[in-house]
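Structure data follow from entry_36.csv (CSV, C-alpha atoms):
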chain,number,residue,atom,x,y,z
F,1,MET,CA,4.7,45.2,-54.8
F,2,ALA,CA,5.4,41.9,-56.5
F,3,ARG,CA,4.1,38.8,-54.9
F,4,THR,CA,5.9,35.5,-55.2
F,5,ASP,CA,5.3,31.8,-54.5
F,6,LYS,CA,8.4,29.9,-53.4
F,7,VAL,CA,9.1,26.3,-54.1
F,8,GLU,CA,9.5,24.1,-50.9
F,9,ASP,CA,13.1,23.5,-50.0
F,10,LYS,CA,12.7,19.8,-50.6
F,11,ALA,CA,10.3,18.0,-52.9
F,12,VAL,CA,9.7,14.3,-53.5
F,13,LEU,CA,9.9,13.5,-57.2
F,14,SER,CA,8.0,10.6,-58.8
F,15,GLN,CA,10.8,9.8,-61.2
F,16,ASP,CA,14.5,9.3,-60.7
F,17,PRO,CA,16.2,11.7,-63.3
F,18,HIS,CA,19.4,9.7,-63.0
F,19,LYS,CA,17.9,6.2,-63.4
F,20,VAL,CA,19.9,4.0,-65.7
F,21,THR,CA,19.6,0.4,-66.9
F,22,ASP,CA,22.4,-2.1,-66.9
F,23,SER,CA,22.4,-3.2,-70.5
F,24,GLY,CA,20.7,-3.5,-73.8
F,25,GLU,CA,19.2,-6.8,-72.7
F,26,LYS,CA,17.7,-5.1,-69.7
F,27,ASN,CA,16.3,-2.3,-71.9
F,28,LEU,CA,14.6,-5.0,-74.0
F,29,GLU,CA,13.1,-6.7,-71.0
F,30,THR,CA,11.7,-3.4,-69.7
F,31,ALA,CA,10.3,-2.4,-73.1
F,32,ILE,CA,8.5,-5.8,-73.4
F,33,GLY,CA,7.2,-5.6,-69.9
F,34,ARG,CA,5.8,-2.1,-70.3
F,35,GLU,CA,4.1,-3.1,-73.6
F,36,ILE,CA,2.5,-6.2,-72.1
F,37,LYS,CA,1.2,-4.2,-69.1
F,38,ALA,CA,-0.1,-1.4,-71.3
F,39,LEU,CA,-2.0,-3.9,-73.5
F,40,ARG,CA,-3.4,-5.7,-70.5
F,41,LEU,CA,-4.6,-2.5,-68.9
F,42,GLN,CA,-6.0,-1.2,-72.3
F,43,GLN,CA,-8.1,-4.4,-72.5
F,44,GLY,CA,-9.3,-4.1,-68.9
F,45,THR,CA,-7.7,-7.4,-67.9
F,46,THR,CA,-6.4,-7.9,-64.4
F,47,ILE,CA,-3.1,-9.6,-63.8
F,48,ALA,CA,-5.1,-12.5,-62.1
F,49,GLU,CA,-7.2,-12.9,-65.2
F,50,LEU,CA,-4.1,-13.0,-67.4
F,51,SER,CA,-2.6,-15.6,-65.1
F,52,SER,CA,-5.7,-17.7,-65.5
F,53,LEU,CA,-5.6,-17.3,-69.3
F,54,THR,CA,-1.9,-18.2,-69.7
F,55,GLY,CA,-1.2,-20.6,-66.8
F,56,LEU,CA,1.6,-18.3,-65.6
F,57,SER,CA,1.8,-17.3,-62.0
F,58,ILE,CA,0.9,-13.8,-60.9
F,59,SER,CA,4.4,-13.5,-59.5
F,60,MET,CA,5.9,-14.4,-62.8
F,61,LEU,CA,3.6,-12.0,-64.7
F,62,SER,CA,4.5,-9.2,-62.3
F,63,LYS,CA,8.2,-9.8,-62.9
F,64,ILE,CA,7.7,-9.8,-66.7
F,65,GLU,CA,5.7,-6.6,-66.6
F,66,ASN,CA,8.4,-4.9,-64.4
F,67,GLY,CA,11.2,-6.0,-66.6
F,68,ALA,CA,12.7,-8.1,-63.8
F,69,THR,CA,13.0,-11.3,-65.7
F,70,SER,CA,13.6,-12.4,-69.3
F,71,ALA,CA,10.5,-14.2,-70.8
F,72,SER,CA,11.1,-17.1,-73.2
F,73,LEU,CA,9.6,-17.0,-76.7
F,74,THR,CA,7.1,-19.7,-75.5
F,75,THR,CA,6.0,-17.5,-72.7
F,76,LEU,CA,5.7,-14.4,-75.0
F,77,GLN,CA,3.6,-16.4,-77.4
F,78,LEU,CA,1.2,-17.5,-74.6
F,79,LEU,CA,0.9,-13.8,-73.6
F,80,ALA,CA,0.3,-12.7,-77.2
F,81,ASN,CA,-2.4,-15.3,-77.6
F,82,ALA,CA,-4.1,-14.3,-74.4
F,83,LEU,CA,-4.0,-10.6,-75.3
F,84,SER,CA,-5.0,-11.2,-78.9
F,85,THR,CA,-2.0,-9.4,-80.3
F,86,PRO,CA,0.9,-10.4,-82.5
F,87,ILE,CA,4.1,-11.3,-80.6
F,88,THR,CA,5.9,-8.6,-82.5
F,89,SER,CA,3.8,-5.9,-80.8
F,90,PHE,CA,5.7,-6.5,-77.6
F,91,PHE,CA,8.9,-5.1,-79.2
F,92,ARG,CA,7.4,-1.8,-80.4
F,93,ARG,CA,8.8,0.4,-77.7
F,94,TYR,CA,12.3,-1.2,-77.9
F,95,GLU,CA,12.4,-0.5,-81.7
F,96,GLU,CA,11.1,3.0,-81.6
F,97,THR,CA,13.5,5.7,-82.7
F,98,ARG,CA,14.4,8.2,-80.0
F,99,ASN,CA,15.3,11.6,-81.5
F,100,ALA,CA,17.3,14.6,-80.2
F,101,VAL,CA,17.6,18.1,-81.6
F,102,HIS,CA,20.8,20.1,-81.3
F,103,THR,CA,20.5,23.8,-82.0
F,104,LYS,CA,23.7,25.7,-82.0
F,105,ALA,CA,24.0,29.3,-80.6
F,106,GLY,CA,22.2,31.8,-82.9
F,107,GLU,CA,20.6,29.1,-85.1
F,108,GLY,CA,17.2,28.9,-83.5
F,109,VAL,CA,14.5,29.4,-86.1
F,110,GLU,CA,12.7,32.7,-85.7
F,111,THR,CA,9.0,32.0,-85.7
F,112,GLU,CA,5.6,33.4,-84.7
F,113,ARG,CA,3.3,31.5,-82.3
F,114,ALA,CA,-0.4,32.0,-82.2
F,115,GLY,CA,-1.0,35.1,-80.1
F,116,THR,CA,2.5,36.5,-80.4
F,117,ARG,CA,2.6,40.2,-79.7
F,118,ALA,CA,4.4,42.8,-81.8
F,119,GLY,CA,8.1,43.1,-81.0
F,120,HIS,CA,8.3,39.7,-79.2
F,121,GLN,CA,11.0,37.8,-81.0
F,122,TYR,CA,10.5,34.0,-80.7
F,123,ASN,CA,13.3,31.7,-81.7
F,124,LEU,CA,12.3,28.0,-81.7
F,125,LEU,CA,15.2,26.0,-80.2
F,126,GLY,CA,14.0,22.6,-81.3
F,127,HIS,CA,11.0,20.5,-82.0
F,128,LEU,CA,10.1,16.8,-81.8
F,129,GLY,CA,7.0,15.5,-83.6
F,130,ALA,CA,5.1,12.4,-82.5
F,131,ASN,CA,7.0,10.6,-79.8
F,132,ALA,CA,6.6,7.9,-77.2
F,133,SER,CA,6.0,10.2,-74.3
F,134,GLY,CA,2.7,11.6,-75.7
F,135,VAL,CA,3.8,15.1,-74.8
F,136,VAL,CA,4.7,18.0,-77.2
F,137,VAL,CA,7.4,20.3,-75.8
F,138,GLU,CA,8.2,23.7,-77.5
F,139,PRO,CA,11.3,25.5,-76.3
F,140,TYR,CA,11.6,29.2,-77.2
F,141,LEU,CA,14.2,31.9,-76.7
F,142,ILE,CA,12.2,35.1,-76.3
F,143,THR,CA,13.7,38.6,-76.7
F,144,LEU,CA,11.9,41.8,-75.7
F,145,THR,CA,13.1,45.3,-76.7
F,146,GLU,CA,11.8,48.9,-76.5
F,147,GLU,CA,9.5,48.1,-79.4
F,148,SER,CA,7.8,45.2,-77.7
F,149,ASP,CA,4.1,45.3,-76.8
F,150,ARG,CA,3.5,45.1,-73.1
F,151,PHE,CA,-0.1,43.7,-72.9
F,152,PRO,CA,-0.3,40.4,-71.0
F,153,THR,CA,-3.0,38.5,-73.0
F,154,PHE,CA,-1.3,35.2,-73.8
F,155,GLN,CA,-3.5,32.2,-73.0
F,156,HIS,CA,-3.1,28.7,-74.4
F,157,ASP,CA,-3.2,25.0,-73.4
F,158,GLY,CA,-0.5,23.3,-71.4
F,159,ILE,CA,2.2,24.0,-68.8
F,160,GLU,CA,4.9,26.7,-69.3
F,161,MET,CA,8.2,27.4,-67.7
F,162,LEU,CA,10.1,30.7,-68.0
F,163,TYR,CA,13.8,31.0,-67.2
F,164,MET,CA,15.1,34.6,-67.1
F,165,LEU,CA,18.4,35.2,-68.8
F,166,ASP,CA,18.9,38.9,-69.2
F,167,GLY,CA,17.0,42.1,-68.3
F,168,GLU,CA,14.1,42.4,-65.9
F,169,VAL,CA,10.4,41.9,-66.4
F,170,ASP,CA,7.3,42.2,-64.2
F,171,TYR,CA,5.4,39.1,-65.5
F,172,ARG,CA,1.7,38.6,-65.0
F,173,HIS,CA,0.0,35.3,-64.4
F,174,GLY,CA,-3.7,35.5,-63.7
F,175,ASP,CA,-4.2,38.3,-61.1
F,176,ARG,CA,-0.6,38.1,-59.8
F,177,ILE,CA,2.6,39.9,-60.8
F,178,TYR,CA,6.1,38.3,-60.5
F,179,ALA,CA,9.3,40.3,-60.7
F,180,LEU,CA,11.6,38.2,-62.9
F,181,LYS,CA,15.4,38.8,-62.8
F,182,PRO,CA,18.3,36.8,-64.4
F,183,GLY,CA,18.3,33.3,-62.9
F,184,ASP,CA,14.6,33.4,-61.8
F,185,THR,CA,12.1,30.7,-62.9
F,186,LEU,CA,8.4,30.9,-63.3
F,187,PHE,CA,6.4,27.7,-63.8
F,188,PHE,CA,2.7,27.9,-64.4
F,189,ASP,CA,-0.6,26.7,-66.0
F,190,ALA,CA,-0.7,28.4,-69.3
F,191,ASP,CA,-4.5,28.4,-69.5
F,192,ALA,CA,-4.6,31.5,-67.3
F,193,PRO,CA,-3.9,34.9,-69.0
F,194,HIS,CA,-0.2,35.6,-68.7
F,195,GLY,CA,2.6,37.8,-70.2
F,196,PRO,CA,5.0,40.6,-69.5
F,197,GLU,CA,3.2,43.5,-67.8
F,198,VAL,CA,6.1,45.9,-67.3
F,199,LEU,CA,9.5,45.7,-69.2
F,200,VAL,CA,11.6,46.9,-66.3
F,201,LYS,CA,15.1,46.5,-67.8
F,202,LEU,CA,15.7,46.1,-71.5
F,203,PRO,CA,16.6,44.2,-73.6
F,204,ALA,CA,15.1,41.3,-71.8
F,205,LYS,CA,15.7,37.7,-72.8
F,206,TYR,CA,14.2,34.5,-71.3
F,207,LEU,CA,13.6,30.8,-72.2
F,208,SER,CA,10.0,29.8,-72.5
F,209,ILE,CA,9.3,26.0,-72.5
F,210,ILE,CA,5.7,25.0,-73.2
F,211,SER,CA,4.4,21.4,-72.9
F,212,TYR,CA,1.0,20.0,-73.8
F,213,PRO,CA,-0.5,16.6,-74.7
F,214,GLN,CA,0.1,15.6,-78.4
F,215,THR,CA,-3.0,14.9,-80.4
F,216,SER,CA,-3.3,12.1,-83.0

Could you express the structure from this file as structure tokens?
Amino acid sequence: MARTDKVEDKAVLSQDPHKVTDSGEKNLETAIGREIKALRLQQGTTIAELSSLTGLSISMLSKIENGATSASLTTLQLLANALSTPITSFFRRYEETRNAVHTKAGEGVETERAGTRAGHQYNLLGHLGANASGVVVEPYLITLTEESDRFPTFQHDGIEMLYMLDGEVDYRHGDRIYALKPGDTLFFDADAPHGPEVLVKLPAKYLSIISYPQTS
């Protein structure tokens, strides 16, 4: 019998997926503040030490780092000198290009991932290279047919999420089996051996979204 783990009815998220900013000006303030904070932490400087170096109050520095106030050019120059960085470095996040990939139905590039089994059709739905998040995400549409291999030996870095679209599959993760039907989701650590153990109803089709840290 399949064993399942259910998500709690209510979960507290660390991020607000609907958070918005009021204007381009606010976006700039936030980007500058994040860059200043990142540089300060990277150098191991406390906010109190930065206050002493610049003559700015801890309260003001906190507002700048949180994007709650607009710093003057004079203030930014003080911070740049204290952090030994050019003032232009504070604008890097604001100027970064943010990309999106739109893949129309049927246009996903058919590909083979390392460890792909015979008969497992992988269609890559989009790909972003180096990005500000520091995370690589690979979204695939996977199709299984009568000719697909059934041995669950996939194992790789990162986190993976499956979303079942069609058919039915008994999917192994570690020493547990999960019966996946259309609408079901399985979210797991991909370092454990995983894969379709029994192809219950074919053809089967599901989304596989894999994420892992990007390397320089």

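The smallest atom-to-atom distance between F:Thr145 and any of F:Lys201, F:Thr74, F:Ser89, F:Asp191, using all atoms listed in the file, is found for F:Lys201.
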
query = Leaving out F:Leu61 and any residue of its chain fewer than 2 positions from it, which residues lie within 12 Å of it when counting only C-alpha atoms, given as an NGL selection string?
reply = :F and (32-34 or 36-37 or 40 or 46-59 or 63-71 or 75-76 or 78-79)

Print the selection's residues with C-alpha atoms to a file, as a tab-separated table (two decimals), keeping the file's coordinate frame.
chain	number	residue	atom	x	y	z
F	32	ILE	CA	8.50	-5.80	-73.40
F	33	GLY	CA	7.20	-5.60	-69.90
F	34	ARG	CA	5.80	-2.10	-70.30
F	36	ILE	CA	2.50	-6.20	-72.10
F	37	LYS	CA	1.20	-4.20	-69.10
F	40	ARG	CA	-3.40	-5.70	-70.50
F	46	THR	CA	-6.40	-7.90	-64.40
F	47	ILE	CA	-3.10	-9.60	-63.80
F	48	ALA	CA	-5.10	-12.50	-62.10
F	49	GLU	CA	-7.20	-12.90	-65.20
F	50	LEU	CA	-4.10	-13.00	-67.40
F	51	SER	CA	-2.60	-15.60	-65.10
F	52	SER	CA	-5.70	-17.70	-65.50
F	53	LEU	CA	-5.60	-17.30	-69.30
F	54	THR	CA	-1.90	-18.20	-69.70
F	55	GLY	CA	-1.20	-20.60	-66.80
F	56	LEU	CA	1.60	-18.30	-65.60
F	57	SER	CA	1.80	-17.30	-62.00
F	58	ILE	CA	0.90	-13.80	-60.90
F	59	SER	CA	4.40	-13.50	-59.50
F	63	LYS	CA	8.20	-9.80	-62.90
F	64	ILE	CA	7.70	-9.80	-66.70
F	65	GLU	CA	5.70	-6.60	-66.60
F	66	ASN	CA	8.40	-4.90	-64.40
F	67	GLY	CA	11.20	-6.00	-66.60
F	68	ALA	CA	12.70	-8.10	-63.80
F	69	THR	CA	13.00	-11.30	-65.70
F	70	SER	CA	13.60	-12.40	-69.30
F	71	ALA	CA	10.50	-14.20	-70.80
F	75	THR	CA	6.00	-17.50	-72.70
F	76	LEU	CA	5.70	-14.40	-75.00
F	78	LEU	CA	1.20	-17.50	-74.60
F	79	LEU	CA	0.90	-13.80	-73.60

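We find atom CA of F:Thr215 and atom CA of F:Leu28 to be spaced 27.3 Å apart.
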
query = Around (-5.3, 35.4, -66.6) in the file's frame, which residues reach within 12 Å when counting only C-alpha atoms? Return as a ChimeraX atom specification?
reply = /F:151-156,171-177,188-197

Those residues with C-alpha atoms, as a PDB file, in the coordinates of the input please?
ATOM      1  CA  PHE F 151      -0.100  43.700 -72.900  1.00  0.00           C
ATOM      2  CA  PRO F 152      -0.300  40.400 -71.000  1.00  0.00           C
ATOM      3  CA  THR F 153      -3.000  38.500 -73.000  1.00  0.00           C
ATOM      4  CA  PHE F 154      -1.300  35.200 -73.800  1.00  0.00           C
ATOM      5  CA  GLN F 155      -3.500  32.200 -73.000  1.00  0.00           C
ATOM      6  CA  HIS F 156      -3.100  28.700 -74.400  1.00  0.00           C
ATOM      7  CA  TYR F 171       5.400  39.100 -65.500  1.00  0.00           C
ATOM      8  CA  ARG F 172       1.700  38.600 -65.000  1.00  0.00           C
ATOM      9  CA  HIS F 173       0.000  35.300 -64.400  1.00  0.00           C
ATOM     10  CA  GLY F 174      -3.700  35.500 -63.700  1.00  0.00           C
ATOM     11  CA  ASP F 175      -4.200  38.300 -61.100  1.00  0.00           C
ATOM     12  CA  ARG F 176      -0.600  38.100 -59.800  1.00  0.00           C
ATOM     13  CA  ILE F 177       2.600  39.900 -60.800  1.00  0.00           C
ATOM     14  CA  PHE F 188       2.700  27.900 -64.400  1.00  0.00           C
ATOM     15  CA  ASP F 189      -0.600  26.700 -66.000  1.00  0.00           C
ATOM     16  CA  ALA F 190      -0.700  28.400 -69.300  1.00  0.00           C
ATOM     17  CA  ASP F 191      -4.500  28.400 -69.500  1.00  0.00           C
ATOM     18  CA  ALA F 192      -4.600  31.500 -67.300  1.00  0.00           C
ATOM     19  CA  PRO F 193      -3.900  34.900 -69.000  1.00  0.00           C
ATOM     20  CA  HIS F 194      -0.200  35.600 -68.700  1.00  0.00           C
ATOM     21  CA  GLY F 195       2.600  37.800 -70.200  1.00  0.00           C
ATOM     22  CA  PRO F 196       5.000  40.600 -69.500  1.00  0.00           C
ATOM     23  CA  GLU F 197       3.200  43.500 -67.800  1.00  0.00           C
TER      24      GLU F 197
END

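Atom CA of F:Tyr206 is positioned 16.5 Å from atom CA of F:Glu147.
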
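Minimum atom-to-atom distances from F:Ser208, F:Asn123, F:Ser84, F:Gln43 to F:Leu165 were compared using only C-alpha atoms, and the lowest value belongs to F:Ser208.
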
request  = Go ahead and compute the interatomic distance for atom CA of F:Leu162 and atom CA of F:Pro139, in Å to one decimal.
outcome  = 9.9 Å

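The smallest atom-to-atom distance between F:Leu186 and any of F:Ala204, F:Met60, F:Ile210, F:Ala80, using all atoms listed in the file, is found for F:Ile210.
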
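Each of F:Gly126, F:Gly183, F:Tyr178, F:Pro203 was compared to F:Glu146 using all atoms listed in the file, and F:Pro203 turns out to be the nearest.
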
ask   = Using all atoms listed in the file, which residues sit within 8 Å of F:Val135 once same-chain residues fewer than 5 positions away are excluded, as a PyMOL selection string?
value = chain F and resi 211-214
